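For reference, model06.tsv is printed below; it contains TSV, C-alpha atoms (C1' of nucleotides).
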chain	number	residue	atom	x	y	z
A	160	MET	CA	33.19	-7.13	20.38
A	161	ALA	CA	29.52	-6.67	19.81
A	162	SER	CA	28.56	-5.86	16.27
A	163	ILE	CA	26.15	-3.09	15.50
A	164	SER	CA	23.57	-5.73	14.69
A	165	ASP	CA	23.90	-6.95	18.27
A	166	GLU	CA	23.33	-3.44	19.54
A	167	ILE	CA	20.26	-3.07	17.39
A	168	GLU	CA	19.02	-6.40	18.71
A	169	GLN	CA	19.46	-5.21	22.31
A	170	PHE	CA	17.74	-1.95	21.53
A	171	ILE	CA	14.75	-3.70	20.01
A	172	LEU	CA	14.58	-6.06	22.98
A	173	SER	CA	14.59	-3.09	25.33
A	174	VAL	CA	11.75	-1.33	23.56
A	175	LEU	CA	9.85	-4.60	23.36
A	176	SER	CA	10.32	-5.02	27.10
A	177	ASP	CA	7.45	-7.05	28.57
A	178	ASP	CA	5.08	-6.14	25.80
A	179	GLU	CA	3.70	-8.62	23.40
A	180	SER	CA	4.48	-6.55	20.36
A	181	VAL	CA	6.15	-3.35	19.16
A	182	LYS	CA	5.83	-1.16	16.15
A	183	LEU	CA	9.12	-0.16	14.60
A	184	SER	CA	10.08	2.28	11.91
A	185	ARG	CA	12.78	0.76	9.76
A	186	ASN	CA	13.97	4.13	8.53
A	187	ASP	CA	14.11	5.69	11.99
A	188	LEU	CA	16.00	2.73	13.40
A	189	ALA	CA	18.47	2.73	10.53
A	190	HIS	CA	18.98	6.43	10.93
A	191	TYR	CA	19.37	6.20	14.69
A	192	PHE	CA	22.11	3.60	14.35
A	193	SER	CA	23.54	5.13	11.16
A	194	VAL	CA	23.22	1.95	9.13
A	195	ALA	CA	21.61	0.98	5.86
A	196	PRO	CA	17.87	0.39	6.24
A	197	SER	CA	18.26	-3.14	4.97
A	198	GLN	CA	20.41	-3.89	7.98
A	199	ILE	CA	17.27	-3.70	10.07
A	200	ASN	CA	15.90	-6.49	7.92
A	201	TYR	CA	19.05	-8.43	8.58
A	202	VAL	CA	18.68	-8.05	12.33
A	203	LEU	CA	15.04	-9.08	12.16
A	204	ALA	CA	15.81	-12.04	9.94
A	205	THR	CA	18.63	-13.33	12.12
A	206	ARG	CA	17.51	-12.36	15.66
A	207	PHE	CA	13.74	-12.10	15.53
A	208	ASN	CA	12.74	-14.89	13.19
A	209	PHE	CA	10.10	-17.50	13.73
A	210	ASP	CA	12.49	-20.05	15.22
A	211	LYS	CA	13.51	-17.50	17.81
A	212	GLY	CA	9.87	-16.98	18.71
A	213	TYR	CA	8.84	-13.90	16.80
A	214	ILE	CA	6.51	-13.01	13.98
A	215	ILE	CA	7.21	-10.01	11.76
A	216	GLU	CA	4.50	-8.13	9.95
A	217	SER	CA	4.91	-4.98	7.95
A	218	LYS	CA	3.18	-2.45	5.81
A	219	ARG	CA	4.88	-0.47	3.06
A	220	GLY	CA	4.20	2.99	1.75
A	221	GLY	CA	3.27	6.16	3.55
A	222	GLY	CA	2.54	5.48	7.20
A	223	GLY	CA	4.04	2.04	6.82
A	224	CYS	CA	5.85	0.29	9.66
A	225	ILE	CA	7.13	-3.01	10.98
A	226	THR	CA	5.31	-4.88	13.73
A	227	LEU	CA	7.27	-7.34	15.80
A	228	VAL	CA	5.16	-9.87	17.72
A	229	ARG	CA	6.51	-12.13	20.43
A	230	ILE	CA	4.97	-15.56	20.34
A	231	SER	CA	3.80	-16.52	23.81
A	232	ASP	CA	5.36	-19.90	24.46
A	233	ASN	CA	3.32	-20.96	27.46
A	234	LYS	CA	-0.09	-20.81	25.83
A	235	GLU	CA	-0.29	-23.53	23.25
A	236	ASP	CA	2.89	-25.30	22.39
A	237	ILE	CA	0.92	-27.61	20.16
A	238	LEU	CA	1.20	-24.97	17.47
A	239	PRO	CA	4.98	-24.57	17.36
A	240	GLU	CA	5.26	-28.33	17.37
A	241	LEU	CA	2.87	-28.48	14.47
A	242	VAL	CA	4.89	-25.98	12.50
A	243	GLN	CA	7.99	-28.03	13.12
A	244	GLU	CA	6.15	-31.13	12.00
A	245	LEU	CA	5.16	-29.34	8.82
A	246	ASP	CA	8.69	-28.18	8.24
A	247	ASN	CA	9.84	-31.76	8.40
A	248	ILE	CA	7.55	-33.03	5.71
A	249	ASP	CA	7.54	-32.32	2.05
A	250	VAL	CA	3.91	-32.76	1.10
A	251	LEU	CA	0.67	-32.88	3.03
A	252	THR	CA	-2.35	-34.96	2.07
A	253	PHE	CA	-5.82	-33.69	2.83
A	254	ASN	CA	-6.32	-36.58	5.17
A	255	ARG	CA	-3.36	-35.70	7.28
A	256	ALA	CA	-4.23	-32.01	7.27
A	257	SER	CA	-7.70	-32.98	8.38
A	258	ASN	CA	-6.33	-35.04	11.23
A	259	PHE	CA	-4.15	-32.17	12.37
A	260	THR	CA	-7.15	-29.88	12.25
A	261	ASP	CA	-9.31	-32.28	14.23
A	262	ARG	CA	-6.67	-32.37	16.89
A	263	LEU	CA	-6.63	-28.59	17.11
A	264	VAL	CA	-10.38	-28.65	17.55
A	265	ARG	CA	-10.25	-31.41	20.13
A	266	ASP	CA	-7.62	-29.55	22.11
A	267	GLU	CA	-9.72	-26.41	21.86
A	268	VAL	CA	-7.08	-24.38	20.09
A	269	ILE	CA	-9.67	-23.54	17.46
A	270	THR	CA	-13.42	-23.86	17.26
A	271	LYS	CA	-15.12	-26.45	15.12
A	272	GLU	CA	-16.19	-23.65	12.76
A	273	GLU	CA	-12.64	-22.51	12.34
A	274	GLY	CA	-11.56	-26.06	11.68
A	275	ASP	CA	-14.17	-26.29	8.99
A	276	ILE	CA	-12.79	-23.18	7.33
A	277	ILE	CA	-9.34	-24.65	7.35
A	278	LYS	CA	-10.55	-27.90	5.86
A	279	SER	CA	-12.34	-25.97	3.16
A	280	ALA	CA	-9.18	-24.13	2.30
A	281	LEU	CA	-7.19	-27.31	2.10
A	282	SER	CA	-9.67	-29.54	0.36
A	283	ASP	CA	-8.73	-31.18	-2.89
A	284	LYS	CA	-11.49	-29.23	-4.52
A	285	ALA	CA	-10.06	-25.91	-3.35
A	286	LEU	CA	-6.65	-26.88	-4.57
A	287	ASN	CA	-7.56	-28.39	-7.89
A	288	PHE	CA	-4.81	-26.81	-9.91
A	289	PRO	CA	-2.20	-28.37	-12.11
A	290	ALA	CA	0.93	-28.81	-9.99
A	291	HIS	CA	2.42	-29.73	-6.62
A	292	VAL	CA	-0.84	-29.99	-4.68
A	293	GLY	CA	0.83	-31.40	-1.61
A	294	LYS	CA	3.53	-28.80	-1.32
A	295	MET	CA	1.22	-25.93	-1.66
A	296	ARG	CA	-1.29	-27.26	0.77
A	297	LYS	CA	1.49	-27.59	3.24
A	298	ASN	CA	2.36	-23.98	2.63
A	299	ILE	CA	-1.18	-22.82	3.19
A	300	PHE	CA	-1.60	-24.86	6.29
A	301	LYS	CA	1.62	-23.62	7.77
A	302	GLU	CA	0.47	-20.08	7.23
A	303	ILE	CA	-2.84	-20.81	8.90
A	304	VAL	CA	-1.09	-22.28	11.90
A	305	ILE	CA	1.25	-19.34	12.21
A	306	GLY	CA	-1.76	-17.07	12.07
A	307	LEU	CA	-3.41	-18.96	14.89
A	308	MET	CA	-0.39	-18.54	17.09
A	309	ARG	CA	-1.08	-14.86	17.34
A	310	ARG	CA	-4.25	-15.38	19.34
B	252	MET	CA	2.03	5.54	13.11
B	253	ALA	CA	-1.25	5.71	11.30
B	254	SER	CA	-1.43	7.58	8.03
B	255	ILE	CA	-3.77	10.48	7.60
B	256	SER	CA	-5.92	8.25	5.38
B	257	ASP	CA	-6.37	5.94	8.36
B	258	GLU	CA	-7.46	8.88	10.49
B	259	ILE	CA	-9.95	9.99	7.90
B	260	GLU	CA	-11.28	6.45	7.74
B	261	GLN	CA	-11.78	6.39	11.49
B	262	PHE	CA	-13.47	9.76	11.41
B	263	ILE	CA	-15.89	8.66	8.73
B	264	LEU	CA	-16.64	5.47	10.63
B	265	SER	CA	-17.37	7.51	13.74
B	266	VAL	CA	-19.80	9.83	11.99
B	267	LEU	CA	-21.42	6.87	10.25
B	268	SER	CA	-21.80	5.14	13.58
B	269	ASP	CA	-24.78	2.76	13.50
B	270	ASP	CA	-26.55	4.68	10.79
B	271	GLU	CA	-27.18	3.21	7.42
B	272	SER	CA	-25.85	6.20	5.55
B	273	VAL	CA	-24.15	9.52	5.99
B	274	LYS	CA	-23.75	12.63	3.89
B	275	LEU	CA	-20.25	14.01	3.55
B	276	SER	CA	-18.79	17.14	2.08
B	277	ARG	CA	-15.58	16.32	0.26
B	278	ASN	CA	-14.26	19.85	0.50
B	279	ASP	CA	-15.06	20.24	4.18
B	280	LEU	CA	-13.43	16.93	5.00
B	281	ALA	CA	-10.34	17.77	2.98
B	282	HIS	CA	-10.13	21.15	4.63
B	283	TYR	CA	-10.67	19.71	8.10
B	284	PHE	CA	-7.80	17.27	7.65
B	285	SER	CA	-5.69	19.68	5.57
B	286	VAL	CA	-5.36	17.33	2.62
B	287	ALA	CA	-6.06	17.50	-1.08
B	288	PRO	CA	-9.75	16.92	-1.83
B	289	SER	CA	-8.87	13.96	-4.01
B	290	GLN	CA	-7.47	12.23	-0.95
B	291	ILE	CA	-11.04	11.85	0.25
B	292	ASN	CA	-11.73	9.92	-2.93
B	293	TYR	CA	-8.71	7.77	-2.19
B	294	VAL	CA	-9.99	6.94	1.30
B	295	LEU	CA	-13.43	6.12	-0.07
B	296	ALA	CA	-12.01	3.99	-2.85
B	297	THR	CA	-9.72	2.00	-0.58
B	298	ARG	CA	-11.72	1.83	2.67
B	299	PHE	CA	-15.35	2.21	1.73
B	300	ASN	CA	-15.64	0.40	-1.57
B	301	PHE	CA	-18.30	-2.02	-2.70
B	302	ASP	CA	-16.28	-5.10	-1.79
B	303	LYS	CA	-16.14	-3.88	1.80
B	304	GLY	CA	-19.88	-3.39	1.78
B	305	TYR	CA	-20.36	0.26	0.98
B	306	ILE	CA	-21.92	2.21	-1.85
B	307	ILE	CA	-20.84	5.73	-2.72
B	308	GLU	CA	-23.24	8.14	-4.35
B	309	SER	CA	-22.47	11.72	-5.10
B	310	LYS	CA	-23.83	14.84	-6.62
B	311	ARG	CA	-21.72	17.61	-8.12
B	312	GLY	CA	-22.32	21.31	-8.39
B	313	GLY	CA	-23.75	23.75	-5.88
B	314	GLY	CA	-25.07	21.95	-2.84
B	315	GLY	CA	-23.44	18.76	-4.04
B	316	CYS	CA	-22.25	16.14	-1.58
B	317	ILE	CA	-21.17	12.54	-1.14
B	318	THR	CA	-23.49	9.96	0.33
B	319	LEU	CA	-21.94	6.90	1.90
B	320	VAL	CA	-24.30	3.96	2.27
B	321	ARG	CA	-23.63	0.85	4.30
B	322	ILE	CA	-24.99	-2.06	2.32
B	323	SER	CA	-27.37	-3.98	4.52
B	324	ASP	CA	-28.39	-7.10	2.70
B	325	ASN	CA	-30.09	-9.94	4.41
B	326	LYS	CA	-27.46	-11.96	6.16
B	327	GLU	CA	-28.50	-15.06	4.25
B	328	ASP	CA	-27.98	-13.32	0.94
B	329	ILE	CA	-24.44	-12.18	1.51
B	330	LEU	CA	-22.73	-15.50	0.90
B	331	PRO	CA	-24.61	-16.53	-2.24
B	332	GLU	CA	-23.97	-13.10	-3.69
B	333	LEU	CA	-20.31	-13.45	-2.90
B	334	VAL	CA	-20.15	-16.80	-4.66
B	335	GLN	CA	-21.74	-15.25	-7.70
B	336	GLU	CA	-19.25	-12.41	-7.59
B	337	LEU	CA	-16.43	-14.92	-7.47
B	338	ASP	CA	-17.90	-16.82	-10.38
B	339	ASN	CA	-17.79	-13.65	-12.40
B	340	ILE	CA	-14.12	-12.98	-11.92
B	341	ASP	CA	-11.15	-14.85	-13.17
B	342	VAL	CA	-8.51	-14.05	-10.60
B	343	LEU	CA	-8.57	-12.67	-7.09
B	344	THR	CA	-5.89	-10.48	-5.57
B	345	PHE	CA	-5.14	-10.71	-1.87
B	346	ASN	CA	-6.33	-7.19	-1.45
B	347	ARG	CA	-9.73	-7.91	-2.83
B	348	ALA	CA	-10.02	-11.15	-0.89
B	349	SER	CA	-9.16	-9.18	2.20
B	350	ASN	CA	-11.89	-6.64	1.47
B	351	PHE	CA	-14.46	-9.39	1.01
B	352	THR	CA	-13.36	-10.95	4.26
B	353	ASP	CA	-13.59	-7.66	6.13
B	354	ARG	CA	-17.13	-7.33	4.97
B	355	LEU	CA	-18.03	-10.80	6.20
B	356	VAL	CA	-16.61	-9.87	9.58
B	357	ARG	CA	-18.36	-6.52	9.64
B	358	ASP	CA	-21.73	-8.10	8.89
B	359	GLU	CA	-21.08	-10.80	11.47
B	360	VAL	CA	-21.17	-13.66	9.03
B	361	ILE	CA	-17.87	-14.82	10.48
B	362	THR	CA	-15.88	-13.87	13.53
B	363	LYS	CA	-12.75	-11.80	13.32
B	364	GLU	CA	-10.75	-14.92	14.19
B	365	GLU	CA	-12.26	-16.81	11.30
B	366	GLY	CA	-11.51	-13.89	9.03
B	367	ASP	CA	-7.90	-14.02	10.13
B	368	ILE	CA	-7.72	-17.69	9.23
B	369	ILE	CA	-9.09	-16.96	5.81
B	370	LYS	CA	-6.62	-14.17	5.24
B	371	SER	CA	-3.81	-16.44	6.30
B	372	ALA	CA	-4.93	-19.06	3.84
B	373	LEU	CA	-5.10	-16.57	1.02
B	374	SER	CA	-2.00	-14.55	1.74
B	375	ASP	CA	0.65	-14.26	-0.91
B	376	LYS	CA	2.98	-16.03	1.46
B	377	ALA	CA	0.70	-19.02	1.73
B	378	LEU	CA	0.31	-19.19	-2.01
B	379	ASN	CA	3.87	-18.59	-3.03
B	380	PHE	CA	4.08	-21.27	-5.65
B	381	PRO	CA	5.04	-21.03	-9.27
B	382	ALA	CA	1.82	-20.69	-11.29
B	383	HIS	CA	-1.60	-19.06	-11.58
B	384	VAL	CA	-1.74	-17.61	-8.08
B	385	GLY	CA	-4.83	-15.58	-8.71
B	386	LYS	CA	-6.92	-18.37	-10.15
B	387	MET	CA	-6.12	-20.70	-7.38
B	388	ARG	CA	-6.75	-18.20	-4.66
B	389	LYS	CA	-10.13	-17.61	-6.13
B	390	ASN	CA	-10.76	-21.32	-6.04
B	391	ILE	CA	-9.78	-21.59	-2.42
B	392	PHE	CA	-11.84	-18.64	-1.41
B	393	LYS	CA	-14.89	-19.88	-3.20
B	394	GLU	CA	-14.63	-23.17	-1.40
B	395	ILE	CA	-14.29	-21.40	1.90
B	396	VAL	CA	-17.40	-19.41	1.20
B	397	ILE	CA	-19.34	-22.49	0.14
B	398	GLY	CA	-18.19	-24.16	3.31
B	399	LEU	CA	-19.53	-21.27	5.36
B	400	MET	CA	-22.91	-21.61	3.72
B	401	ARG	CA	-23.32	-24.99	5.29
B	402	ARG	CA	-23.44	-23.55	8.77
C	116	DT	C1'	42.32	-20.38	4.25
C	117	DA	C1'	37.49	-21.41	4.19
C	118	DT	C1'	33.45	-20.52	6.12
C	119	DT	C1'	30.25	-17.91	8.40
C	120	DG	C1'	28.32	-13.62	9.72
C	121	DT	C1'	27.79	-8.49	8.82
C	122	DT	C1'	27.20	-4.30	6.22
C	123	DT	C1'	26.05	-1.76	2.22
C	124	DG	C1'	23.67	-0.14	-1.79
C	125	DA	C1'	21.03	-0.58	-6.01
C	126	DC	C1'	16.68	-1.77	-7.40
C	127	DT	C1'	11.68	-3.20	-6.50
C	128	DT	C1'	7.03	-3.14	-4.59
C	129	DT	C1'	3.33	-1.18	-2.12
C	130	DC	C1'	0.67	2.40	-0.32
C	131	DT	C1'	-0.17	7.38	0.22
C	132	DT	C1'	-0.43	12.20	-1.06
C	133	DT	C1'	-0.71	15.94	-4.22
C	134	DG	C1'	-2.03	18.72	-8.10
C	135	DA	C1'	-3.56	19.70	-12.67
C	136	DC	C1'	-7.34	19.28	-15.38
C	137	DC	C1'	-12.38	17.55	-16.27
C	138	DT	C1'	-17.53	17.22	-15.51
C	139	DT	C1'	-21.87	18.25	-13.46
C	140	DT	C1'	-25.12	21.20	-11.26
C	141	DC	C1'	-27.14	25.38	-9.72
C	142	DG	C1'	-28.36	30.20	-9.50
C	143	DC	C1'	-28.47	34.44	-11.60
C	144	DA	C1'	-28.34	37.99	-15.10
C	145	DA	C1'	-29.22	39.41	-19.77
D	1437	DT	C1'	-34.98	31.17	-21.76
D	1438	DT	C1'	-30.46	30.97	-22.38
D	1439	DG	C1'	-25.90	31.33	-21.14
D	1440	DC	C1'	-22.38	32.07	-17.92
D	1441	DG	C1'	-19.79	31.55	-13.79
D	1442	DA	C1'	-19.15	29.60	-9.43
D	1443	DA	C1'	-19.39	25.62	-6.66
D	1444	DA	C1'	-19.37	21.30	-5.96
D	1445	DG	C1'	-17.26	16.52	-6.97
D	1446	DG	C1'	-14.29	13.14	-10.34
D	1447	DT	C1'	-10.07	11.25	-12.66
D	1448	DC	C1'	-5.59	10.20	-13.35
D	1449	DA	C1'	-0.86	10.28	-13.33
D	1450	DA	C1'	3.26	11.75	-10.96
D	1451	DA	C1'	5.73	12.34	-6.77
D	1452	DG	C1'	6.67	10.81	-2.19
D	1453	DA	C1'	7.16	7.66	1.60
D	1454	DA	C1'	7.64	3.70	3.52
D	1455	DA	C1'	9.43	-1.39	3.51
D	1456	DG	C1'	11.46	-5.68	0.82
D	1457	DT	C1'	15.03	-8.27	-1.91
D	1458	DC	C1'	19.26	-9.69	-3.25
D	1459	DA	C1'	23.83	-9.92	-4.26
D	1460	DA	C1'	28.35	-8.08	-3.57
D	1461	DA	C1'	31.80	-6.42	-0.42
D	1462	DC	C1'	33.69	-6.75	3.86
D	1463	DA	C1'	34.91	-8.78	8.51
D	1464	DA	C1'	35.60	-12.28	11.86
D	1465	DT	C1'	36.46	-16.77	13.18
D	1466	DA	C1'	37.39	-21.75	13.10
Before anything else, please render the file you have as structure tokens.
Amino acid sequence: MASISDEIEQFILSVLSDDESVKLSRNDLAHYFSVAPSQINYVLATRFNFDKGYIIESKRGGGGCITLVRISDNKEDILPELVQELDNIDVLTFNRASNFTDRLVRDEVITKEEGDIIKSALSDKALNFPAHVGKMRKNIFKEIVIGLMRR
Amino acid sequence: MASISDEIEQFILSVLSDDESVKLSRNDLAHYFSVAPSQINYVLATRFNFDKGYIIESKRGGGGCITLVRISDNKEDILPELVQELDNIDVLTFNRASNFTDRLVRDEVITKEEGDIIKSALSDKALNFPAHVGKMRKNIFKEIVIGLMRR
DNA sequence: TATTGTTTGACTTTCTTTGACCTTTCGCAA
DNA sequence: TTGCGAAAGGTCAAAGAAAGTCAAACAATA
């Protein structure tokens, strides 16, 4: 017995088709399936999350919408591995972040210039604030990596 | 599903084209797009503000109009000016950081890809930690800009 | 029965759109 | 020359239009 969430999942998959991304209207979807709008969030959170290979972006307000992006798995699987690596650690030193970045440059996932930007963002100087430096740097770096995966 | 403000933005960009400035009639624009005249102000304030690299001048009364000027500083001056701007503020919202970044991309100081990395690093998601978000984002961004100056 | 997964709704946040009222400028008439 | 009215544009707050969050209620399953 398929739940309505399963149906919504199938529907979204069908409109996604072979495309790399789709724009969805949360309200329209909810209305179409006669469910609460927040159920769309539930479906996205459970069926189209990062672990399942998707990135969700959205904009609120008038003209707002949800963009669902399928992560291409063949391109660079260094990046998903890196995210997993980051998920497995609690804090990240600048040194380690720097090593990761160098590897991305060496493997031509990013340019040297882009690597430099990342190192700037993660430098001790950039993060000189009074708490949990390691955790937050990890956070930032993870976000940067996720951003790169969209290329 | 672009909002009408997005359409107006695109229209203005198209009439601006490669020119350094363009004269606009608020009333005509509003009438052309069937919106309230003040919506033109909204588009200018959100899409063509100083942070994004534009200056708005206007004259009221009969024959009055709005002049939109694309700031064209020397490329070498953009980054130092930005650092100074950052020194003058205490906190930096993501929105403002995003505007600054867009300008750097527009004026070809950085590539779009590099801009995306910066936005990732400065996103609320990346900085979701429990204290002084604004201050620290400013810090990070300043470091990124200083890093870019070394190129 | 305990746990896991689904559905709903109240409340929040963000961005857009509108309208009422204000200010500046110009041309014309007294 | 002054004053008035029309013709711009400006400001600001309220309403509207999305999407997000979170916890409680409900359902299914081990």
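Taking only C-alpha atoms (C1' of nucleotides) into account, chain A lies nearest to D:DA1453 out of the set D:DA1443, D:DA1464, D:DA1453, D:DC1458.
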Any idea which chain B residues end up within 10 Å of chain D if we count all atoms listed in the file, as a VMD selection string please? chain B and resid 276 to 278 288 to 289 292 309 to 317
Please provide the set of residues having any atom within 8 Å of Glu179 (chain A), restricted to all atoms listed in the file, with same-chain residues fewer than 6 positions apart removed, written as a PyMOL selection string. chain A and resi 228-231
Filtering to C-alpha atoms, could you give me those residues as a PDB file, in the frame of the given file?
ATOM      1  CA  VAL A 228       5.160  -9.870  17.720  1.00  0.00           C
ATOM      2  CA  ARG A 229       6.510 -12.130  20.430  1.00  0.00           C
ATOM      3  CA  ILE A 230       4.970 -15.560  20.340  1.00  0.00           C
ATOM      4  CA  SER A 231       3.800 -16.520  23.810  1.00  0.00           C
TER       5      SER A 231
END
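Our summary of the geometry notes that CA of Ile237 (chain A) is positioned 13.7 Å from CA of Asn258 (chain A).
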For chain A fitted to chain B over all Cα atoms in order, what RMSD does a least-squares superposition give?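 Result: 12.2 Å C-alpha RMSD.
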Taken to one decimal, the CA of Thr352 (chain B)-CA of Lys303 (chain B) distance is 8.0 Å
Could you please determine the separation between C1' of DT122 (chain C) and CA of Leu183 (chain A) in Å, to one decimal place?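 Between C1' of DT122 (chain C) and CA of Leu183 (chain A) the gap works out to 20.4 Å.
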From the options B:Asp302, B:Asp269, B:Glu327, B:Asp338, which residue's atoms come nearest to Asp353 (chain B), counting all atoms listed in the file? B:Asp302
Report as a list in words the set of chain C residues whose atoms approach chain B to within 12 Å, with distances computed over all atoms listed in the file. DT129, DC130, DT131, DT132, DT133, DG134, DA135, DT138, DT139, DT140, DC141 and DG142 of chain C
Exercise on region 185-197 of chain A, axis-aligned box with 5 Å per side, report centre and edge lengths in Å to one decimal, as JSON:
{"center_x": 18.2, "center_y": 1.6, "center_z": 9.8, "size_x": 20.8, "size_y": 19.6, "size_z": 19.7}
B:Asp375, B:Ile368, B:Gly304, B:Phe351 ranked by distance to chain A, top pick (using all atoms listed in the file):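 Of all the options, B:Ile368 lies closest to chain A.
Each of A:Arg262, A:His190, A:Arg255, A:Lys278 was compared to chain B using all atoms listed in the file, and A:Lys278 turns out to be the nearest.
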